[in-house]
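Structure first, then comments.
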Amino acid sequence: MTLEDLFASIEVRATADPEKSWTASLLAQGPEKCAEKFGEEAIEAIIEAVKDDKMRLTSEAADVLFHLLVMLKSRGVALGDVMDELARRQGQSGLSEKAARKL
């Protein structure tokens with residue numbers, strides 16, 4: 001499964017009955033809840049990375065990616081826009097890109 005496939009699935013599930021779909025339920029609670037859930041999953045991934053538990057980190061990383069995409073959906077940000085931004089940055093030093101950002 002690609003990120004594009006997952007995002008497409010999230011878009012379909014967004015219209016489902018919130019009582020029957022975790023995705024629809026989360027989106028129905030609003031962008032703030034989606035962001036909160038993403039943050040929780042990111043913290044869980046950090047904990048597993050520090051513990052060096054590769055199996056749990058793999059599982060938590062999948063949760064992070066899923067909840068990131070749900071958060072993007074909740075704010076109307078297309079995955080394609082994120083991918084375009086990554087493409088724009090490709091070939092540029094991370095240090096140069098960071099230095100060019102406006103504070």
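Scheme for the structure tokens: letters A, B, ... for chains in order shown; per-chain residue numbers from 1; ligand numbers from 1 in order shown.
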
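The protein and nucleic acid residues lying at most 9 Å from stretch 27-36 of chain A are Ala14, Pro18, Trp22, Thr23, Glu40, Glu41, His67, Leu68, Val70, Met71, Leu72, Lys73, Ser74 and Arg75 of chain A, with only C-alpha atoms considered and sequence neighbours fewer than 4 positions away removed.
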
Produce a file of the selected residues containing N, CA and C atoms, as a PDB file, in the first residue's frame.
```pdb
ATOM      1  N   ALA A  14     -13.987   9.014   5.183  1.00  0.00           N
ATOM      2  CA  ALA A  14     -14.416  10.284   5.779  1.00  0.00           C
ATOM      3  C   ALA A  14     -15.926  10.478   5.653  1.00  0.00           C
ATOM      4  N   PRO A  18     -19.848   7.715  11.326  1.00  0.00           N
ATOM      5  CA  PRO A  18     -18.861   7.799  12.404  1.00  0.00           C
ATOM      6  C   PRO A  18     -18.997   6.706  13.470  1.00  0.00           C
ATOM      7  N   TRP A  22     -13.604   4.328  12.338  1.00  0.00           N
ATOM      8  CA  TRP A  22     -12.694   5.092  13.192  1.00  0.00           C
ATOM      9  C   TRP A  22     -12.310   6.394  12.501  1.00  0.00           C
ATOM     10  N   THR A  23     -12.019   6.340  11.217  1.00  0.00           N
ATOM     11  CA  THR A  23     -11.608   7.528  10.475  1.00  0.00           C
ATOM     12  C   THR A  23     -12.710   8.576  10.496  1.00  0.00           C
ATOM     13  N   GLU A  40      -0.249  12.130  19.903  1.00  0.00           N
ATOM     14  CA  GLU A  40      -0.157  10.951  20.775  1.00  0.00           C
ATOM     15  C   GLU A  40       0.608   9.830  20.081  1.00  0.00           C
ATOM     16  N   GLU A  41       0.278   9.600  18.820  1.00  0.00           N
ATOM     17  CA  GLU A  41       0.939   8.525  18.084  1.00  0.00           C
ATOM     18  C   GLU A  41       2.415   8.836  17.852  1.00  0.00           C
ATOM     19  N   HIS A  67      -2.361   8.677  11.036  1.00  0.00           N
ATOM     20  CA  HIS A  67      -2.952   9.826  11.715  1.00  0.00           C
ATOM     21  C   HIS A  67      -2.468  11.158  11.143  1.00  0.00           C
ATOM     22  N   LEU A  68      -1.270  11.190  10.558  1.00  0.00           N
ATOM     23  CA  LEU A  68      -0.824  12.378   9.844  1.00  0.00           C
ATOM     24  C   LEU A  68      -1.749  12.646   8.659  1.00  0.00           C
ATOM     25  N   VAL A  70      -4.837  11.621   8.265  1.00  0.00           N
ATOM     26  CA  VAL A  70      -6.153  12.026   8.767  1.00  0.00           C
ATOM     27  C   VAL A  70      -6.127  13.503   9.161  1.00  0.00           C
ATOM     28  N   MET A  71      -5.055  13.925   9.816  1.00  0.00           N
ATOM     29  CA  MET A  71      -4.925  15.328  10.205  1.00  0.00           C
ATOM     30  C   MET A  71      -4.903  16.231   8.970  1.00  0.00           C
ATOM     31  N   LEU A  72      -4.156  15.832   7.940  1.00  0.00           N
ATOM     32  CA  LEU A  72      -4.134  16.604   6.704  1.00  0.00           C
ATOM     33  C   LEU A  72      -5.539  16.711   6.117  1.00  0.00           C
ATOM     34  N   LYS A  73      -6.245  15.584   6.069  1.00  0.00           N
ATOM     35  CA  LYS A  73      -7.617  15.562   5.547  1.00  0.00           C
ATOM     36  C   LYS A  73      -8.511  16.501   6.346  1.00  0.00           C
ATOM     37  N   SER A  74      -8.329  16.522   7.658  1.00  0.00           N
ATOM     38  CA  SER A  74      -9.186  17.351   8.513  1.00  0.00           C
ATOM     39  C   SER A  74      -9.017  18.837   8.222  1.00  0.00           C
ATOM     40  N   ARG A  75      -7.876  19.217   7.672  1.00  0.00           N
ATOM     41  CA  ARG A  75      -7.613  20.625   7.350  1.00  0.00           C
ATOM     42  C   ARG A  75      -7.629  20.900   5.847  1.00  0.00           C
TER      43      ARG A  75
END
```

Task: Shortest interatomic distance to A:Leu69 - which of A:Met1, A:Ile43, A:Ala8, A:Val50, counting only C-alpha atoms - done: A:Ala8

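Straight-line separation from atom CA of A:Leu26 to atom CA of A:Arg13: 10.6 Å.
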
- [ ] Using DSSP on the backbone coordinates, identify all residues within chain A classified as alpha helix (DSSP H); present the result as an MDAnalysis selection string.
- [x] chainID A and resid 3:13 22:28 31:51 54:74 79:89 94:100

Write the selection just made, keeping C-alpha atoms, as a CSV table (one decimal), in the first residue's frame?
```csv
chain,number,residue,atom,x,y,z
A,3,LEU,CA,0.6,6.7,1.0
A,4,GLU,CA,-1.6,7.7,-1.9
A,5,ASP,CA,-3.7,4.5,-1.5
A,6,LEU,CA,-4.0,5.2,2.2
A,7,PHE,CA,-5.0,8.8,1.7
A,8,ALA,CA,-7.6,7.7,-0.9
A,9,SER,CA,-9.0,5.2,1.7
A,10,ILE,CA,-9.2,8.0,4.3
A,11,GLU,CA,-11.1,10.2,1.8
A,12,VAL,CA,-13.6,7.4,1.2
A,13,ARG,CA,-14.0,6.6,4.9
A,22,TRP,CA,-12.7,5.1,13.2
A,23,THR,CA,-11.6,7.5,10.5
A,24,ALA,CA,-15.0,9.1,10.2
A,25,SER,CA,-15.4,9.2,14.0
A,26,LEU,CA,-12.0,11.0,14.3
A,27,LEU,CA,-12.8,13.5,11.6
A,28,ALA,CA,-16.2,14.2,13.0
A,31,PRO,CA,-9.2,19.1,13.3
A,32,GLU,CA,-8.0,19.7,16.9
A,33,LYS,CA,-8.8,16.1,17.9
A,34,CYS,CA,-7.1,14.8,14.7
A,35,ALA,CA,-4.0,16.8,15.6
A,36,GLU,CA,-4.1,15.6,19.2
A,37,LYS,CA,-4.3,12.0,18.1
A,38,PHE,CA,-1.4,12.5,15.7
A,39,GLY,CA,0.6,13.9,18.5
A,40,GLU,CA,-0.2,11.0,20.8
A,41,GLU,CA,0.9,8.5,18.1
A,42,ALA,CA,4.1,10.5,17.4
A,43,ILE,CA,5.0,10.3,21.1
A,44,GLU,CA,4.4,6.6,21.2
A,45,ALA,CA,6.7,6.2,18.2
A,46,ILE,CA,9.4,8.2,19.9
A,47,ILE,CA,9.2,6.0,23.0
A,48,GLU,CA,9.6,2.9,20.9
A,49,ALA,CA,12.5,4.4,19.0
A,50,VAL,CA,14.2,5.2,22.3
A,51,LYS,CA,13.6,1.7,23.6
A,54,LYS,CA,11.9,-2.3,16.1
A,55,MET,CA,8.7,-4.3,15.9
A,56,ARG,CA,6.7,-1.8,18.1
A,57,LEU,CA,8.4,1.1,16.3
A,58,THR,CA,7.2,-0.3,13.0
A,59,SER,CA,3.7,-0.5,14.3
A,60,GLU,CA,3.7,3.0,15.8
A,61,ALA,CA,5.2,4.4,12.7
A,62,ALA,CA,2.3,3.0,10.7
A,63,ASP,CA,-0.1,4.7,13.2
A,64,VAL,CA,1.8,8.0,12.8
A,65,LEU,CA,1.5,8.0,9.0
A,66,PHE,CA,-2.2,7.1,9.2
A,67,HIS,CA,-3.0,9.8,11.7
A,68,LEU,CA,-0.8,12.4,9.8
A,69,LEU,CA,-2.9,11.8,6.7
A,70,VAL,CA,-6.2,12.0,8.8
A,71,MET,CA,-4.9,15.3,10.2
A,72,LEU,CA,-4.1,16.6,6.7
A,73,LYS,CA,-7.6,15.6,5.5
A,74,SER,CA,-9.2,17.4,8.5
A,79,LEU,CA,-1.3,14.6,0.1
A,80,GLY,CA,-0.3,15.8,-3.4
A,81,ASP,CA,0.6,19.2,-2.0
A,82,VAL,CA,2.8,17.6,0.6
A,83,MET,CA,4.5,15.5,-2.0
A,84,ASP,CA,5.0,18.5,-4.2
A,85,GLU,CA,6.7,20.3,-1.3
A,86,LEU,CA,9.0,17.3,-0.8
A,87,ALA,CA,9.8,17.3,-4.5
A,88,ARG,CA,10.6,21.0,-4.4
A,89,ARG,CA,13.1,20.3,-1.6
A,94,GLY,CA,18.5,20.1,4.5
A,95,LEU,CA,20.7,22.7,6.2
A,96,SER,CA,20.3,25.1,3.2
A,97,GLU,CA,16.6,24.6,3.1
A,98,LYS,CA,16.3,25.2,6.9
A,99,ALA,CA,18.4,28.4,6.7
A,100,ALA,CA,16.2,29.7,3.9
```
